[in-house]
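Just my_file-v5.csv here, CSV, C-alpha atoms:
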```
chain,number,residue,atom,x,y,z
A,1,MET,CA,69.1,35.7,101.8
A,2,LYS,CA,70.3,32.4,103.4
A,3,PHE,CA,73.8,31.8,104.7
A,4,LYS,CA,74.1,28.0,104.9
A,5,GLY,CA,77.5,28.0,103.3
A,6,VAL,CA,79.1,30.3,105.8
A,7,LEU,CA,81.6,28.6,108.0
A,8,PHE,CA,82.8,31.6,109.9
A,9,ILE,CA,80.6,32.9,112.7
A,10,PHE,CA,81.5,36.2,114.4
A,11,PHE,CA,80.4,38.0,117.5
A,12,CYS,CA,80.8,41.7,117.4
A,13,VAL,CA,79.2,45.1,118.0
A,14,SER,CA,76.9,46.1,115.2
A,15,PHE,CA,76.2,49.6,113.9
A,16,SER,CA,73.5,49.9,116.5
A,17,GLY,CA,75.9,49.2,119.3
A,18,ILE,CA,74.2,45.9,120.2
A,19,ALA,CA,76.3,42.7,120.3
A,20,GLN,CA,75.0,40.3,117.6
A,21,ARG,CA,75.8,37.0,116.1
A,22,LEU,CA,76.8,37.5,112.5
A,23,PRO,CA,75.6,37.3,109.8
A,24,GLN,CA,72.7,39.4,110.9
A,25,GLU,CA,70.0,41.0,108.8
A,26,VAL,CA,69.9,44.7,109.5
A,27,TYR,CA,67.5,46.0,106.8
A,28,ARG,CA,64.7,44.6,104.7
A,29,SER,CA,62.1,45.9,102.3
A,30,ALA,CA,60.3,44.5,99.3
A,31,ASP,CA,63.2,45.6,97.1
A,32,LEU,CA,66.3,45.5,99.2
A,33,VAL,CA,67.9,43.4,102.0
A,34,VAL,CA,71.1,44.3,103.9
A,35,VAL,CA,73.0,41.8,106.0
A,36,GLN,CA,76.0,42.4,108.2
A,37,ILE,CA,78.5,39.6,107.7
A,38,ALA,CA,81.6,41.0,109.5
A,39,LEU,CA,82.5,43.9,111.8
A,40,ASN,CA,82.6,46.4,109.0
A,41,THR,CA,81.2,44.6,106.0
A,42,PHE,CA,77.7,44.2,104.7
A,43,VAL,CA,76.0,42.5,101.8
A,44,HIS,CA,73.2,44.4,100.0
A,45,THR,CA,70.8,42.3,97.9
A,46,SER,CA,68.3,43.6,95.3
A,47,TYR,CA,66.4,41.8,92.6
A,48,LEU,CA,66.3,41.6,88.8
A,49,GLN,CA,63.6,40.2,86.7
A,50,THR,CA,65.1,38.2,83.9
A,51,ASN,CA,63.7,36.3,80.9
A,52,ASP,CA,65.9,33.2,81.3
A,53,PHE,CA,66.3,32.9,85.1
A,54,GLY,CA,63.2,34.6,86.5
A,55,LYS,CA,63.6,36.9,89.5
A,56,VAL,CA,67.3,36.8,90.5
A,57,ASP,CA,68.8,38.1,93.7
A,58,CYS,CA,71.8,40.3,93.1
A,59,ASN,CA,74.5,40.9,95.7
A,60,GLY,CA,76.7,43.9,96.3
A,61,MET,CA,79.1,44.8,99.2
A,62,ILE,CA,79.4,47.7,101.6
A,63,ALA,CA,82.8,48.3,103.3
A,64,ARG,CA,82.8,50.9,106.1
A,65,ASP,CA,85.0,52.4,108.7
A,66,ALA,CA,85.0,55.6,110.8
A,67,LYS,CA,81.9,57.0,109.2
A,68,GLU,CA,83.0,56.4,105.6
A,69,ALA,CA,81.7,53.7,103.3
A,70,LEU,CA,82.6,52.2,99.9
A,71,VAL,CA,79.9,50.4,97.8
A,72,PHE,CA,80.7,47.6,95.4
A,73,ASP,CA,77.9,47.2,92.8
A,74,THR,CA,74.7,49.3,92.9
A,75,PRO,CA,71.3,47.7,93.4
A,76,THR,CA,69.5,46.8,90.2
A,77,ASN,CA,67.5,50.0,89.8
A,78,ASP,CA,67.4,53.6,91.0
A,79,LYS,CA,64.6,53.0,93.5
A,80,SER,CA,66.5,50.3,95.4
A,81,ALA,CA,69.7,52.4,95.1
A,82,GLU,CA,68.0,55.3,96.8
A,83,GLU,CA,67.0,52.9,99.6
A,84,LEU,CA,70.6,51.8,100.0
A,85,ILE,CA,72.0,55.3,100.0
A,86,ASN,CA,69.5,56.3,102.6
A,87,PHE,CA,70.4,53.2,104.8
A,88,ILE,CA,74.1,53.9,104.6
A,89,GLU,CA,73.8,57.6,105.3
A,90,ASN,CA,71.1,57.5,108.0
A,91,LYS,CA,71.4,54.1,109.7
A,92,LEU,CA,75.2,53.5,109.3
A,93,ASN,CA,75.9,57.2,109.7
A,94,CYS,CA,78.4,57.0,106.9
A,95,LYS,CA,79.4,59.2,104.0
A,96,ILE,CA,79.6,57.1,100.8
A,97,LYS,CA,83.1,57.7,99.5
A,98,ALA,CA,82.6,56.0,96.1
A,99,VAL,CA,80.6,53.3,94.3
A,100,VAL,CA,82.3,50.6,92.2
A,101,PRO,CA,80.3,48.6,89.6
A,102,THR,CA,82.3,45.4,89.1
A,103,HIS,CA,81.1,44.9,85.5
A,104,PHE,CA,78.8,46.5,82.9
A,105,HIS,CA,75.5,44.5,83.4
A,106,ASP,CA,72.4,45.9,85.1
A,107,ASP,CA,72.9,43.8,88.2
A,108,CYS,CA,76.1,45.9,88.9
A,109,LEU,CA,75.2,49.4,87.7
A,110,GLY,CA,71.4,49.5,87.3
A,111,GLY,CA,71.1,52.0,90.1
A,112,LEU,CA,74.2,54.1,89.2
A,113,ALA,CA,72.2,57.2,88.2
A,114,ALA,CA,70.9,57.5,91.8
A,115,PHE,CA,74.5,57.6,93.1
A,116,HIS,CA,75.4,60.2,90.6
A,117,ALA,CA,72.3,62.2,91.5
A,118,HIS,CA,73.7,62.3,95.1
A,119,LYS,CA,77.1,63.4,93.7
A,120,ILE,CA,78.8,60.1,94.8
A,121,PRO,CA,81.9,59.4,92.7
A,122,SER,CA,81.9,56.2,90.7
A,123,PHE,CA,84.8,54.1,89.6
A,124,GLY,CA,85.1,51.2,87.2
A,125,ASN,CA,87.4,49.2,85.0
A,126,SER,CA,88.0,51.2,81.8
A,127,LYS,CA,86.5,48.3,79.9
A,128,THR,CA,83.3,48.7,82.0
A,129,ILE,CA,83.0,52.3,81.0
A,130,ASP,CA,83.4,51.4,77.3
A,131,LEU,CA,80.9,48.5,77.4
A,132,ALA,CA,78.4,50.5,79.4
A,133,LYS,CA,78.6,53.4,76.9
A,134,ALA,CA,78.1,51.0,74.1
A,135,ASN,CA,75.0,49.7,75.8
A,136,GLN,CA,73.8,53.3,76.3
A,137,THR,CA,73.5,52.9,80.0
A,138,ALA,CA,74.9,54.9,83.0
A,139,TYR,CA,78.6,54.3,83.3
A,140,PRO,CA,81.3,55.0,85.9
A,141,GLN,CA,82.8,58.4,85.9
A,142,ASN,CA,86.4,57.4,86.7
A,143,GLY,CA,88.3,54.5,85.1
A,144,PHE,CA,91.2,52.2,86.1
A,145,THR,CA,92.9,49.4,84.3
A,146,GLU,CA,94.4,47.0,86.9
A,147,THR,CA,94.0,47.9,90.6
A,148,ILE,CA,92.6,50.9,92.4
A,149,LYS,CA,92.8,51.5,96.2
A,150,TRP,CA,90.6,53.7,98.4
A,151,ASN,CA,91.0,54.8,102.0
A,152,VAL,CA,87.8,54.1,103.9
A,153,GLY,CA,88.0,55.7,107.3
A,154,GLY,CA,91.2,54.3,108.7
A,155,LYS,CA,91.2,51.2,106.5
A,156,PHE,CA,91.5,50.5,102.8
A,157,ALA,CA,89.7,48.6,100.1
A,158,THR,CA,90.7,47.6,96.5
A,159,ALA,CA,89.2,46.7,93.2
A,160,THR,CA,91.3,44.6,90.9
A,161,PHE,CA,91.1,43.2,87.3
A,162,LEU,CA,92.7,39.8,87.1
A,163,GLY,CA,91.3,38.6,83.8
A,164,GLU,CA,88.2,37.8,81.9
A,165,GLY,CA,85.4,35.4,83.0
A,166,HIS,CA,81.8,36.3,83.4
A,167,THR,CA,82.6,39.3,81.2
A,168,LYS,CA,85.6,41.0,79.7
A,169,ASP,CA,85.6,43.6,82.4
A,170,ASN,CA,84.8,41.8,85.6
A,171,VAL,CA,86.8,43.0,88.7
A,172,VAL,CA,86.8,41.8,92.3
A,173,GLY,CA,86.7,43.9,95.5
A,174,TYR,CA,88.7,43.2,98.6
A,175,PHE,CA,88.4,44.6,102.1
A,176,PRO,CA,91.4,43.1,104.0
A,177,SER,CA,90.5,44.4,107.5
A,178,ASP,CA,87.6,41.8,107.5
A,179,ASN,CA,89.2,39.4,105.0
A,180,VAL,CA,86.2,39.7,102.7
A,181,LEU,CA,86.3,39.3,98.9
A,182,PHE,CA,83.5,40.6,96.8
A,183,GLY,CA,83.7,38.2,93.8
A,184,GLY,CA,80.7,39.6,91.9
A,185,CYS,CA,79.5,37.5,89.0
A,186,LEU,CA,83.0,36.1,88.4
A,187,ILE,CA,82.4,33.9,91.4
A,188,LYS,CA,79.6,31.3,91.7
A,189,GLU,CA,77.8,30.2,94.9
A,190,MET,CA,78.1,26.5,95.7
A,191,GLN,CA,76.1,24.2,93.4
A,192,ALA,CA,75.3,27.1,91.0
A,193,THR,CA,75.0,26.5,87.3
A,194,LYS,CA,77.1,28.4,84.8
A,195,GLY,CA,74.4,31.0,84.4
A,196,PHE,CA,74.3,33.7,81.7
A,197,LEU,CA,77.2,33.2,79.3
A,198,GLY,CA,76.3,35.8,76.7
A,199,ASP,CA,79.2,38.0,77.4
A,200,ALA,CA,81.5,35.4,79.0
A,201,ASN,CA,85.0,34.2,78.3
A,202,VAL,CA,84.5,30.6,79.5
A,203,LYS,CA,87.9,29.5,78.2
A,204,ASP,CA,89.8,31.9,80.6
A,205,TRP,CA,87.3,31.8,83.5
A,206,SER,CA,89.0,29.2,85.6
A,207,ALA,CA,92.5,30.7,85.1
A,208,THR,CA,91.2,34.1,86.2
A,209,VAL,CA,89.7,32.7,89.4
A,210,ARG,CA,93.0,30.9,90.1
A,211,LYS,CA,94.7,34.3,89.9
A,212,VAL,CA,92.1,35.7,92.3
A,213,LYS,CA,92.8,32.9,94.8
A,214,GLN,CA,96.5,33.5,94.5
A,215,ALA,CA,96.2,37.3,94.9
A,216,PHE,CA,94.1,37.1,98.1
A,217,PRO,CA,95.2,34.0,100.1
A,218,SER,CA,93.9,35.3,103.4
A,219,VAL,CA,90.3,35.6,102.3
A,220,LYS,CA,87.8,34.2,104.8
A,221,LEU,CA,84.5,35.3,103.4
A,222,VAL,CA,83.6,35.3,99.7
A,223,ILE,CA,80.5,37.1,98.3
A,224,PRO,CA,79.3,35.8,94.9
A,225,GLY,CA,77.3,38.0,92.6
A,226,HIS,CA,74.2,35.8,93.2
A,227,GLY,CA,73.3,33.5,96.1
A,228,GLN,CA,74.8,32.5,99.3
A,229,ILE,CA,78.2,33.7,100.7
A,230,GLY,CA,80.8,31.3,101.7
A,231,GLY,CA,84.6,30.9,102.1
A,232,GLN,CA,87.3,29.9,99.7
A,233,GLU,CA,85.4,26.9,98.6
A,234,LEU,CA,83.4,29.2,96.3
A,235,LEU,CA,86.6,30.0,94.5
A,236,ASP,CA,87.5,26.3,94.1
A,237,TYR,CA,83.9,25.5,93.0
A,238,THR,CA,84.0,28.1,90.3
A,239,ILE,CA,87.5,27.0,89.1
A,240,ASN,CA,86.2,23.4,88.8
A,241,LEU,CA,82.9,24.5,87.1
A,242,PHE,CA,84.8,26.0,84.2
A,243,LYS,CA,88.1,24.1,84.1
A,244,HIS,CA,87.2,21.9,81.1
A,245,GLU,CA,86.1,24.8,78.9
```

Write out the structure in this file as structure tokens.
Amino acid sequence: MKFKGVLFIFFCVSFSGIAQRLPQEVYRSADLVVVQIALNTFVHTSYLQTNDFGKVDCNGMIARDAKEALVFDTPTNDKSAEELINFIENKLNCKIKAVVPTHFHDDCLGGLAAFHAHKIPSFGNSKTIDLAKANQTAYPQNGFTETIKWNVGGKFATATFLGEGHTKDNVVGYFPSDNVLFGGCLIKEMQATKGFLGDANVKDWSATVRKVKQAFPSVKLVIPGHGQIGGQELLDYTINLFKHE
């Protein structure tokens, strides 16, 4: 994964105890890449083969503190999910407190069964649960409707539904200690096209992202569902991309 759009460079101590310039790749295999982007925040990227867009990189987020971690979106399949679980438990030395698919597509919950096999609790928008059940795929065990908050070590993270866009159920994750927003597929990388719209509400998309921007004004880093991370310019780009729909 490249990070050309990142304007915020940090120096910190990584999980290995070595001072590093961030973002810094900390794990790579053929199926999974993990990059540390802030003191306690990581992006995990796996891959999905699609008919319309070819092989697509799919991002998720890890928020950790004090030997606990929260995962937003699973890797795209159980094999990659097993790799991620192993990395978090054995390299970050963290217990995974929960996993949160941010909508019902495979790029968010394709590896959910692996988390369940490890008895890791899963949470999702109630709409995500209903849509995943209708698709006859693995679905989150616990539902919420607006906002849910977790304690992660001594810090907290949230998932919030602010309206429809990429799907009817898309939520965003926020880790305020690092000012990182996981936008998932609701948020586009710079210069991205509109992408897959088969389950989208393009009419409301811009308004939903405006609500995201208003709800999290302190955000410094934004992780899109696909492609390069950036700052609040990703929110503005997505708003403009869909504003005339």

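Comparing the minimum interatomic distances between Tyr47 in chain A and each of A:Glu89, A:Asp106, A:Glu68, A:Glu146, counting only C-alpha atoms, we find that A:Asp106 sits nearest.
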
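Nearest to Thr137 in chain A of all the residues A:Gly198, A:Gly111, A:Gly163, A:Gly154 is A:Gly111, based on all atoms listed in the file.
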
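Nearest-residue note for Lys168 in chain A: choosing from A:Leu197, A:Ala38, A:Leu32, A:Ile239, the minimum distance belongs to A:Leu197, counting only C-alpha atoms.
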
- request: Mind listing whatever residues come within 6 Å of the point (72.1, 42.4, 97.2)? Use only C-alpha atoms, file coordinates, and give them as a VMD selection string.
  value: chain A and resid 44 to 46 58 to 60

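Remark: for Leu22 in chain A, the closest of the candidate residues A:Leu39, A:Ala117, A:Ala134, A:Leu48 is A:Leu39 (distances computed over only C-alpha atoms).
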
Residues within 9 Å of Asn151 in chain A, only C-alpha atoms, excluding chain neighbours under 4 positions, as a PyMOL selection string: chain A and resi 68+97+155-157

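Environment of (86.9, 65.8, 87.3): residues at most 10 Å away, judged by all atoms listed in the file, are A:Pro121, A:Gln141, A:Asn142.
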
Can you pull out every residue within 7 Å of Pro23 in chain A, counting all atoms listed in the file, but drop anything in the same chain fewer than 6 positions away, and send it as a JSON list (two decimals) with C-alpha atoms, in the coordinates of the input?
```json
[["chain", "number", "residue", "atom", "x", "y", "z"],
["A", 35, "VAL", "CA", 73.00, 41.80, 106.00],
["A", 36, "GLN", "CA", 76.00, 42.40, 108.20],
["A", 37, "ILE", "CA", 78.50, 39.60, 107.70]]
```

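Atom pair CA of Lys149 in chain A / CA of Val202 in chain A has a distance of 28.0 Å (rounded to one decimal).
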
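Among A:Thr41, A:Thr208, A:Thr102, A:Thr147, the residue with the shortest atom-to-atom distance to Val222 in chain A, counting all atoms listed in the file, is A:Thr41.
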
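Taking CA of Lys203 in chain A and CA of Val171 in chain A as endpoints, the distance between them is 17.1 Å.
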
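Atom to atom, CA of Gly124 in chain A and CA of Asn93 in chain A stand 25.0 Å apart.
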
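Closest approach to Gly165 in chain A among A:Lys55, A:Arg64, A:Lys211, A:Lys119: A:Lys211, based on all atoms listed in the file.
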
- prompt: What lies within 8 Å of Val172 in chain A using only C-alpha atoms, ignoring chain neighbours under 4 positions off, as an MDAnalysis selection string?
  reply: chainID A and resid 102 159:161 181:184 186

Emit a file covering range 47-87 of chain A of the preceding structure with C-alpha atoms, as a short mmCIF file (atom, residue, chain, number, x, y, z; two decimals), in the first residue's frame.
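The resulting result-v2.cif:
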```cif
data_model
loop_
_atom_site.label_atom_id
_atom_site.label_comp_id
_atom_site.auth_asym_id
_atom_site.auth_seq_id
_atom_site.Cartn_x
_atom_site.Cartn_y
_atom_site.Cartn_z
CA TYR A 47 -7.39 -8.58 -1.39
CA LEU A 48 -10.61 -9.44 -3.18
CA GLN A 49 -10.90 -10.72 -6.75
CA THR A 50 -13.87 -9.04 -8.44
CA ASN A 51 -15.49 -9.37 -11.86
CA ASP A 52 -15.79 -5.63 -12.53
CA PHE A 53 -12.68 -4.16 -10.88
CA GLY A 54 -10.14 -7.00 -10.89
CA LYS A 55 -8.05 -7.63 -7.76
CA VAL A 56 -9.03 -4.99 -5.22
CA ASP A 57 -7.14 -4.00 -2.07
CA CYS A 58 -9.47 -3.81 0.93
CA ASN A 59 -8.60 -1.85 4.07
CA GLY A 60 -9.51 -2.36 7.69
CA MET A 61 -8.31 -0.79 10.94
CA ILE A 62 -6.77 -2.01 14.18
CA ALA A 63 -7.02 0.23 17.26
CA ARG A 64 -4.98 -0.96 20.23
CA ASP A 65 -3.98 0.09 23.73
CA ALA A 66 -2.64 -1.69 26.81
CA LYS A 67 -2.67 -5.16 25.27
CA GLU A 68 -6.21 -4.90 23.92
CA ALA A 69 -7.26 -4.38 20.31
CA LEU A 70 -10.40 -3.62 18.33
CA VAL A 71 -10.62 -4.59 14.65
CA PHE A 72 -12.74 -2.72 12.11
CA ASP A 73 -13.58 -4.93 9.11
CA THR A 74 -12.24 -8.42 8.67
CA PRO A 75 -9.87 -9.40 5.90
CA THR A 76 -11.66 -10.69 2.83
CA ASN A 77 -11.46 -14.42 3.67
CA ASP A 78 -10.86 -16.73 6.60
CA LYS A 79 -7.24 -17.50 5.64
CA SER A 80 -6.24 -13.83 5.71
CA ALA A 81 -8.31 -13.34 8.86
CA GLU A 82 -6.35 -16.11 10.60
CA GLU A 83 -3.14 -14.30 9.64
CA LEU A 84 -4.42 -11.04 11.07
CA ILE A 85 -5.56 -12.65 14.32
CA ASN A 86 -2.17 -14.32 14.68
CA PHE A 87 -0.38 -11.02 14.04
#
```
